[in-house]
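First comes the structure, then the notes that go with it.
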Amino acid sequence: MKTDSFKHIRRVILSRVLLVPFIIVMLVFGTLLYYFASNLRDQVASQLVRIADGHRNLIEQFLQERAYDLKFAAASHSFKGIGYENKLALILEQLQTGSPAFFDLGVFDERADHIAYVGPYNLKGKNYADSEWFKAVQKKNIYISDVFSGYRKIPHFIIAVKKEEGDRVWYLRATIDTLFFNDLVENIRVGKTGEAYLLNRDGMFQTRRRSGGNLMETDPDYGTYRARGKETISFVAESNLGGMYLYAAGRLRGTGWLLVVRQEIGDAYAPLARAVVLAVAIVIMGGAVVVMMAFVLATGVAGKLTAADIEKRQMGAQLLMAGRLAEVGEMSAGLAHEINNPLQIMKSEQFMINDILNEIEKDGRQPDPENLRLVRDSVNQIGTQIDRCRQVTQGLLKFARKSETSIKSVRLEPLILEVVEMVERRARVEDIRIVKKFDTLLPPIFTDPAQLQQVFLNLLNNAIYALKGKNNGEIQIAADRENDEIAVSVSDNGCGIREEHLEKIFLPFFTTKPVGTGTGLGLSTCYGIIERLGGTIAVASEVNVGTVFTVRMPLDGPGAKGKSESKYSDKEGEGQ
Amino acid sequence: MVDDKITILIVDDEELFLDSISQRLVMRGFNVIAVNRGDKALEAARKHPIDIAIVDLKMPGMDGEATLEALKKEHERMEIVILTGHGSSEAALRLIRSGAYSYLQKPCEIEQLLEIIKDVCGKRTKV
């Protein structure tokens, strides 16, 4: 029972203190994480674009420089001079000093015959009139070819320049070292999986791709590259060879090649993943601390609340007991009076008998019949007074028996009359009239008669107190049936109760009586008893007009109509 | 009344007690006036010279304490004995301070009451 309520309290505290703020914190955290992640993702993408842009510029510059190198070489020599191969070798050497990318060098006449050549292949004398590069350079003056196999059957690309020397037109052509160029393009460091490669307009590899893709092969993913304009853009796409990649792609000016820089998505977003993992870890750890703290806190608070509740119950029981003791105290003072008066009469009767007996003894003759009558009267009077005392002591015993709780079918009328009888003498002393008004068809109710009597006794005592020193004091006690309840009202035309006192009237230890006169327990005890018996007690009062206390008791006794909210309705209060 | 008998006023709402005690006191040669209420006691005291009043505390209407004070106010020389079944030592002290001659707790021996009456009479003759 206790542990159940403890767990219940703890659960309530946990759900209120923990769950609601936790949901809010989680929502905030989720939103923050979302913005943080998308921001970081954008940063990663734009960083890749920056790298790709820089790299594109580098490659463009390289190609342009090599083209100018060649153009300069052509400009500074005549066809005659350059036709000698030792001269051409010298020029190649000079070019190679500028950039080791130059692999070989050849001179062609206007018919595309290979006039002179320096390099590792035997290409001299071959005619290139049908080759694409020759057709292009005739029109463009400077031409950088795509990678092709040509006569040497090895993938390579060339830079060719056209020289017009008077009427003569000739061409200078250099092959760029494929390995060197590959190194240049590939030489990029982005994360672990970052790589860069070039594709021509047909999607053919112009440089090797580290993760697979040889020169002149077609990139199966070419269709997915969305870069068509001049800007380098980034996008995420799935490779046809498997795996998701973050791409940055932009076209080179002049050649129209597409520079692709790509990175595996997991690698690209690794910092993001790390940040998210860290954030989640912090939140989980923080959450765990909060949960732990909340649990400890809730356990503590629930423990204290439960203890307080138990204490309150015990206090309630103690108050009930204290109230009963107070009743006993108050009653015994009254009882002393009730017993002492008859005793006093017996004393004086005894004194009279003694007187008469003394007289008889002294005279030594037949007793006077008048004296005999007096003695008989006295003896009778003593008997009467003894009966009176017995009545009082029986009432006392009845009260003592009241401490045992027992619910039984009770008729209210005789029960109330008994109580009225107990206070009638006192009321008479105070010049108070007690009027009884009972509904003639009151059904019996299930209740504890002794405890109920204690309540009515208390209410009557209070009414008598309120009527002290007042003329025409009247107490009315009435009982009526109201649906499945019986309402008993005790009203007086006494001093009444001030409004500010009215709200505190059922509180323990609240009293308006002078110090030492009232315990302040009477009405709180009544309240406890009535609650326990499943009824209600209410008060209405007006100063100098009077007060009405109304007790409503269910016919079916405590526990009927689910009146279990009463804190006193524990096991012992029911079904005995 | 012109005799020199001591006049005793008994105030108690127990009429049976009034009957038997006044009979005894009359037999012992006292003038006795017995009343069952405080206001009647004041009335009687105005009509007759009273030497001693024996007053109960708990009575309907004017209670013993008020009766004591009223009697003392009107008849300074009257001695008043409180005889009550309902009392405490604090009440006794308070009443003695208010001018009561003595305070007796019911039930008391009638001899004790007579002793006190004799005391008062002795005091009276000295005055």
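Letters for chains follow the order of the structure tokens (A, B, ...), residue numbers begin at 1 for each chain, and ligand numbers begin at 1 in the order shown.
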Please, which residues of chain A lie no more than 9 Å from chain B when the count uses only C-alpha atoms, and can they be set out as a PyMOL selection string?
chain A and resi 333-349+351-352+355+378+381+426-431+469+471
Need the shell around stretch 241-255 of chain A: protein/DNA/RNA residues with any atom at most 7 Å away, counting only C-alpha atoms. Skip same-chain ones fewer than 6 positions apart. Format as a ChimeraX atom specification?
/A:48-49,52,56,60,144,227,230-235,261-265,268
Set the distance at 6 Å and use only C-alpha atoms: which residues neighbour stretch 37-50 of chain B once local chain neighbours fewer than 2 positions away are removed? I'd like the list as a VMD selection string.
chain B and resid 7 35 52 62 67
Quick one: residues within 9 Å of stretch 113-120 of chain B, only C-alpha atoms, excluding same-chain residues fewer than 4 positions away - as a CSV table (one decimal) with N, CA and C atoms, in the first residue's frame?
chain,number,residue,atom,x,y,z
B,8,ILE,N,-29.8,31.8,57.8
B,8,ILE,CA,-29.0,31.2,56.8
B,8,ILE,C,-29.8,31.2,55.5
B,25,LEU,N,-31.1,22.3,59.5
B,25,LEU,CA,-30.6,23.5,60.0
B,25,LEU,C,-31.7,24.2,60.9
B,51,ASP,N,-27.3,36.3,57.7
B,51,ASP,CA,-25.9,36.2,58.3
B,51,ASP,C,-25.0,35.4,57.4
B,52,ILE,N,-25.5,34.3,56.9
B,52,ILE,CA,-24.6,33.4,56.1
B,52,ILE,C,-25.5,33.0,54.9
B,79,GLU,N,-21.7,36.8,55.1
B,79,GLU,CA,-20.6,35.8,54.8
B,79,GLU,C,-21.2,34.7,53.9
B,81,VAL,N,-20.7,31.1,51.9
B,81,VAL,CA,-19.9,29.8,51.7
B,81,VAL,C,-20.4,29.2,50.4
B,101,TYR,N,-16.4,33.3,52.0
B,101,TYR,CA,-15.8,33.0,53.3
B,101,TYR,C,-15.1,31.6,53.3
B,102,SER,N,-15.8,30.7,52.6
B,102,SER,CA,-15.2,29.3,52.5
B,102,SER,C,-15.7,28.7,51.2
B,104,LEU,N,-16.6,24.8,49.8
B,104,LEU,CA,-16.8,23.4,50.1
B,104,LEU,C,-17.1,22.6,48.9
B,108,CYS,N,-20.1,17.1,50.9
B,108,CYS,CA,-19.4,17.4,52.1
B,108,CYS,C,-20.2,17.0,53.3
B,109,GLU,N,-19.4,16.7,54.4
B,109,GLU,CA,-20.1,16.3,55.7
B,109,GLU,C,-20.9,17.5,56.2
B,124,ARG,N,-19.2,36.7,64.2
B,124,ARG,CA,-20.3,37.6,64.3
B,124,ARG,C,-20.4,38.3,65.7
B,125,THR,N,-20.3,37.4,66.8
B,125,THR,CA,-20.5,37.9,68.1
B,125,THR,C,-19.4,38.9,68.5
Need to verify the contact set: A:Phe72, 12 Å, only C-alpha atoms, exclusion of same-chain residues closer than 6 positions in sequence. Can you return it as a PyMOL selection string?
chain A and resi 65-66+78+91+94-95+142+160-163+172
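Straight-line separation from atom CA of A:Thr193 to atom CA of A:Ile176: 27.2 Å.
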9 Å contact set for A:Lys408, only C-alpha atoms, chain neighbours under 2 positions out, as a list of chain:residue names:
A:Ser406, A:Val410, A:Ile445, A:Phe446, A:Thr447, A:Asp448, A:Pro449, A:Gly557, A:Gln576
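Taking only C-alpha atoms into account, B:Arg97 lies nearest to B:Glu69 out of the set B:Glu74, B:Lys123, B:Glu69, B:Ala34.
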